[in-house]
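Here's the structure, in structure tokens; my notes come after.
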There are 2 protein chains.
Amino acid sequence: MAGTTLGIIAGAGDLPRAVAESASAAGRDVFVLALRGSTEAWVSGFAHEWVALGETGKAFKALRDAKCGDVLLVGRVERPKFSEIRLDAKSVLLAPRVMTAALRGDDALLRALVGLFEGEGFRAVGVADAAPDLIAKEGPLGQISPSQGLLSDIALGFKVVLALGALDVGQAAIVCDGLTLSVEAAEGTDAMIARTLQLPEHIRGQHGKPRGVLVKAAKPIQDRKTDLPVVGVHTVRNVAAAGLAGIAVEAGATLIVDRKAVAAAADAAGLFVVGHRLAR
Amino acid sequence: MAGTTLGIIAGAGDLPRAVAESASAAGRDVFVLALRGSTEAWVSGFAHEWVALGETGKAFKALRDAKCGDVLLVGRVERPKFSEIRLDAKSVLLAPRVMTAALRGDDALLRALVGLFEGEGFRAVGVADAAPDLIAKEGPLGQISPSQGLLSDIALGFKVVLALGALDVGQAAIVCDGLTLSVEAAEGTDAMIARTLQLPEHIRGQHGKPRGVLVKAAKPIQDRKTDLPVVGVHTVRNVAAAGLAGIAVEAGATLIVDRKAVAAAADAAGLFVVGHRLAR
């Protein structure tokens with residue numbers, strides 16, 4: 001198990017691609033374990049193998065054959081109907097542990113999956129290790145900084161997100177003029193932003209008259225190997241459409257996918273994207 | 001200001017009517033200050049006067065003329081556009097304090113309004129004082145109790161709601177099989193329940209196969225004179241439509257509007273409505 005290839009177990013979304021590109025650009029050998037129904041077409045540009053959920057034995061073998069030492073779980077995988085998964089022999093052995101963890105929340109599930117790979121001798125790494133240039137830094141990403149008046153909204157937003165994160169609920173909230181408008185749970189950030197538009201107009205910003213901020217921070221209970229919050233170009237577009245003034249993320253613990261494109265989109269939309277270092 | 005009448009400053013919803021009926025049935029003289037655009041038609045059954053937001057002088061005079069000693073703010077008032085309110089002389093004096101508080105959240109706003117009435121010599125009372133029979137008690141309200149398996153969802157729900165409440169965010173959450181599905185912020189409980197139906201089917205209950213629980217508890221920072229969480233027949237109907245198994249509320253700090261009708265609706269829908277005493 002002394003392989004030096006980075007094995008990326010890739011779910012949906014832009015993040016797995018960004019990690020593969022970043023690690024590859026840094027000179028690392030990359031192998032992608034592509035999940036049927038989740039991983040997207042970009043995988044054809046990398047050494048890869050397709051597996052279905054439940055094909056655990058095949059997955060471990062593919063990673064070994066590709067000489068993977070480090071493995072990284074990254075990207076969105078819809079919680080499957082357990083009844084629709086066909087478990088191979090290895091999976092049958094491991095299923096009880098995974099299912100028990102799945103019932104305790106997303107974070108517990110991810111920690112259990114990481115544990116499985118470590119039990120097979122792989123080293124589970126986080127995006128911060130595999131693609132450190134994706135990690136949000138302190139300060140504004142584009143040309144625009146938050147106005148002084150928004151700093152208290154940002155501070156309240158971080159308080160709310162950390163309180164929720166400690167209970168494994170979500171990683172994002174929207175605050176406008178001291179009022180918490182929306183809080184993320186199982187619906188995800190995009191749905192949360194979209195529904196903020198249904199709130200009464202006078203408590204939120206509008207297109208052309210932006211107010212309020214989207215705040216994202218990591219769950220305090222995360223081991224940082226798994227599910228860090230993510231901001232991409234689509235986040236900037238959604239935030240602009242919702243009439244918000246910008247995005248504040250936890251520096252050092254949020255991932256920015258396609259940094260240059262995000263900065264350009266924020267500048268074009270007149271939004272700020274800013275990293276804040278949190279005391280933990 | 002030694003009046004003995006109960007002055008009810010009535011917003012929208014069923015709760016103000018329920019309070020008026022309860023206090024009246026208990027032998028109390030009741031006067032309703034009806035807010036244009038908020039209070040509903042039931043007010044014609046009680047001694048009342050209509051005022052608009054901003055007619056503070058007229059409001060205080062009406063309450064005095066009706067010999068009100070205790071006053072109670074109850075019911076939903078949409079946050080108005082301040083620009084559309086015409087302030088009378090008294091309101092101009094008081095507006096800065098109210099607007100400052102409004103920016104700090106619902107709870108701060110309500111505390112400020114209570115303070116205004118107390119400053120005029122009225123005694124601000126809570127629903128718990130004026131209509132104690134509306135307060136949720138411990139144990140099941142109808143025929144049905146939560147199954148053993150739901151107790152951990154209920155416990156997690158209370159944890160989430162108390163954490164949110166401490167930050168003046170919301171008073172309700174939905175938990176299903178250890179996963180927090182939805183959390184209430186500015187959208188209110190009904191909208192939160194409705195959107196839970198848009199989550200993937202396998203993480204939530206469905207009509208005919210109920211799972212999960214709506215949990216409501218008071219904000220820890222509330223002074224209990226103002227904005228206690230409320231459950232009514234419409235809550236039971238919404239919860240049934242969302243495929244949830246029941247409702248758990250904080251005993252002693254949640255209001256049940258039309259208790260008998262709520263119990264009957266819960267029994268008819270096969271749901272539990274249960275009160276839990278929380279250690280605070």
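FYI, nothing fancy with the structure tokens labels: chains A, B, ... in order, residues from 1 per chain, ligands from 1 as they appear.
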Within 7 Å of chain A, which residues belong to chain B? Use only C-alpha atoms and report them as a CSV table (one decimal) with N, CA and C atoms, in the first residue's frame.
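Produced file result27.csv, reproduced below:
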chain,number,residue,atom,x,y,z
B,81,LYS,N,-43.2,48.4,6.0
B,81,LYS,CA,-42.2,49.4,5.4
B,81,LYS,C,-42.4,50.6,6.2
B,103,LEU,N,-34.0,46.4,14.1
B,103,LEU,CA,-32.8,45.9,13.4
B,103,LEU,C,-32.1,44.8,14.1
B,104,ARG,N,-32.4,44.7,15.4
B,104,ARG,CA,-31.7,43.7,16.2
B,104,ARG,C,-32.5,42.3,16.2
B,105,GLY,N,-33.6,42.2,15.6
B,105,GLY,CA,-34.3,41.0,15.5
B,105,GLY,C,-35.7,41.1,16.1
B,160,VAL,N,-31.5,21.5,18.5
B,160,VAL,CA,-31.3,22.4,17.4
B,160,VAL,C,-32.1,23.7,17.6
B,163,ALA,N,-30.5,25.9,20.2
B,163,ALA,CA,-29.3,26.6,19.7
B,163,ALA,C,-29.7,27.8,18.8
B,167,LEU,N,-29.8,32.5,19.4
B,167,LEU,CA,-29.4,33.5,18.5
B,167,LEU,C,-30.5,34.2,17.8
B,169,VAL,N,-33.0,33.2,16.0
B,169,VAL,CA,-33.2,32.8,14.6
B,169,VAL,C,-34.5,32.3,14.3
B,177,ASP,N,-35.0,10.6,11.5
B,177,ASP,CA,-34.0,9.6,11.5
B,177,ASP,C,-32.6,10.1,11.8
B,178,GLY,N,-32.5,11.1,12.7
B,178,GLY,CA,-31.2,11.6,13.1
B,178,GLY,C,-30.7,12.7,12.2
B,179,LEU,N,-31.4,13.0,11.1
B,179,LEU,CA,-31.0,14.0,10.2
B,179,LEU,C,-31.9,15.3,10.4
B,180,THR,N,-31.3,16.4,10.5
B,180,THR,CA,-32.1,17.7,10.6
B,180,THR,C,-32.5,18.1,9.2
B,181,LEU,N,-33.7,18.0,8.8
B,181,LEU,CA,-34.2,18.2,7.5
B,181,LEU,C,-34.3,19.7,7.2
B,182,SER,N,-34.9,20.4,8.1
B,182,SER,CA,-35.3,21.8,7.9
B,182,SER,C,-35.2,22.6,9.2
B,183,VAL,N,-34.8,23.9,9.1
B,183,VAL,CA,-34.7,24.7,10.2
B,183,VAL,C,-35.4,26.0,9.9
B,185,ALA,N,-36.1,30.0,10.0
B,185,ALA,CA,-35.6,31.3,10.2
B,185,ALA,C,-36.8,32.3,9.9
B,186,ALA,N,-36.6,33.2,9.0
B,186,ALA,CA,-37.6,34.3,8.8
B,186,ALA,C,-38.8,33.8,8.1
B,187,GLU,N,-38.7,32.6,7.5
B,187,GLU,CA,-39.9,32.2,6.6
B,187,GLU,C,-41.1,31.7,7.4
B,199,LEU,N,-37.6,17.9,-0.4
B,199,LEU,CA,-36.4,17.1,-0.1
B,199,LEU,C,-36.5,15.7,-0.7
B,202,HIS,N,-36.4,9.6,0.2
B,202,HIS,CA,-35.8,8.6,1.1
B,202,HIS,C,-35.3,9.2,2.4
(request) Considering only C-alpha atoms, return as a PyMOL selection string whatever protein or nucleic-acid residues lie within 6 Å of Ala124 in chain A, sequence-local ones (same chain, fewer than 4 positions apart) excluded. (result) chain A and resi 70-72
(message) Excluding Ser91 in chain B and its own-chain neighbours fewer than 3 positions away, which residues fall within 8 Å of it when counting only C-alpha atoms? Please give them as a list in words.
(response)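 Counting only the stated atoms, we get Gly54, Glu55, Thr56, Gly57, Leu87, Asp88, Leu94 and Ala95 of chain B.
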Restricted to C-alpha atoms, what would the selected residues look like written as a PDB file, in the first residue's frame?
ATOM      1  CA  GLY B  54     -48.097  54.779  13.855  1.00  0.00           C
ATOM      2  CA  GLU B  55     -51.227  55.906  15.739  1.00  0.00           C
ATOM      3  CA  THR B  56     -49.561  55.335  19.066  1.00  0.00           C
ATOM      4  CA  GLY B  57     -51.268  58.257  20.828  1.00  0.00           C
ATOM      5  CA  LEU B  87     -46.412  58.590  12.648  1.00  0.00           C
ATOM      6  CA  ASP B  88     -48.489  60.634  15.080  1.00  0.00           C
ATOM      7  CA  LEU B  94     -40.877  56.643  20.280  1.00  0.00           C
ATOM      8  CA  ALA B  95     -39.883  55.647  16.742  1.00  0.00           C
TER       9      ALA B  95
END
(request) Would you list, as an NGL selection string, the residues of range 16-156 of chain B that end up in strand (DSSP E or B) under DSSP run on this structure's backbone? (result) :B and (30-35 or 47-51 or 68-74 or 76 or 123-124 or 135 or 139-140)
(request) Tell me which protein, DNA and RNA residues are within 9 Å of Pro210 in chain B, counting only C-alpha atoms, leaving out same-chain ones fewer than 5 positions away, and put them as a list in words. (result) Arg204, Gly205, Ala240, Ala242, Gly243, Leu244, Ala245, Gly246 and Leu271 of chain B
Would you write out those residues with N, CA, C and O atoms, as a compact mmCIF listing (two decimals), in the first residue's frame?
# COMPACT_ATOMS: atom_id res chain seq x y z
N ARG B 204 -37.04 11.43 4.12
CA ARG B 204 -38.18 11.99 4.87
C ARG B 204 -39.37 11.03 4.80
O ARG B 204 -39.37 10.06 4.04
N GLY B 205 -40.40 11.32 5.58
CA GLY B 205 -41.63 10.55 5.52
C GLY B 205 -42.49 10.97 4.35
O GLY B 205 -42.23 11.98 3.69
N ALA B 240 -49.21 16.69 8.68
CA ALA B 240 -49.73 15.47 8.05
C ALA B 240 -49.41 15.48 6.55
O ALA B 240 -48.93 14.48 6.00
N ALA B 242 -46.99 16.86 5.09
CA ALA B 242 -45.55 16.74 4.86
C ALA B 242 -45.03 15.34 5.19
O ALA B 242 -43.83 15.09 5.08
N GLY B 243 -45.92 14.42 5.60
CA GLY B 243 -45.48 13.05 5.87
C GLY B 243 -44.73 12.88 7.18
O GLY B 243 -44.01 11.90 7.37
N LEU B 244 -44.91 13.84 8.09
CA LEU B 244 -44.26 13.71 9.40
C LEU B 244 -45.13 12.88 10.33
O LEU B 244 -46.34 12.78 10.15
N ALA B 245 -44.48 12.30 11.35
CA ALA B 245 -45.20 11.43 12.27
C ALA B 245 -45.85 12.20 13.43
O ALA B 245 -46.75 11.66 14.08
N GLY B 246 -45.40 13.42 13.68
CA GLY B 246 -46.01 14.15 14.77
C GLY B 246 -45.32 15.45 15.10
O GLY B 246 -44.44 15.92 14.36
N LEU B 271 -51.51 11.31 13.95
CA LEU B 271 -50.28 11.99 14.41
C LEU B 271 -50.28 12.12 15.93
O LEU B 271 -51.33 12.20 16.55
(message) Just list as a count of residues only whatever in range 57-236 of chain B DSSP marks as alpha helix (DSSP H).
(response) 68
(message) I'd like the interatomic distance between CA of Gly142 in chain B and CA of Ala266 in chain B, to a tenth of an Å.
(response) 6.6 Å
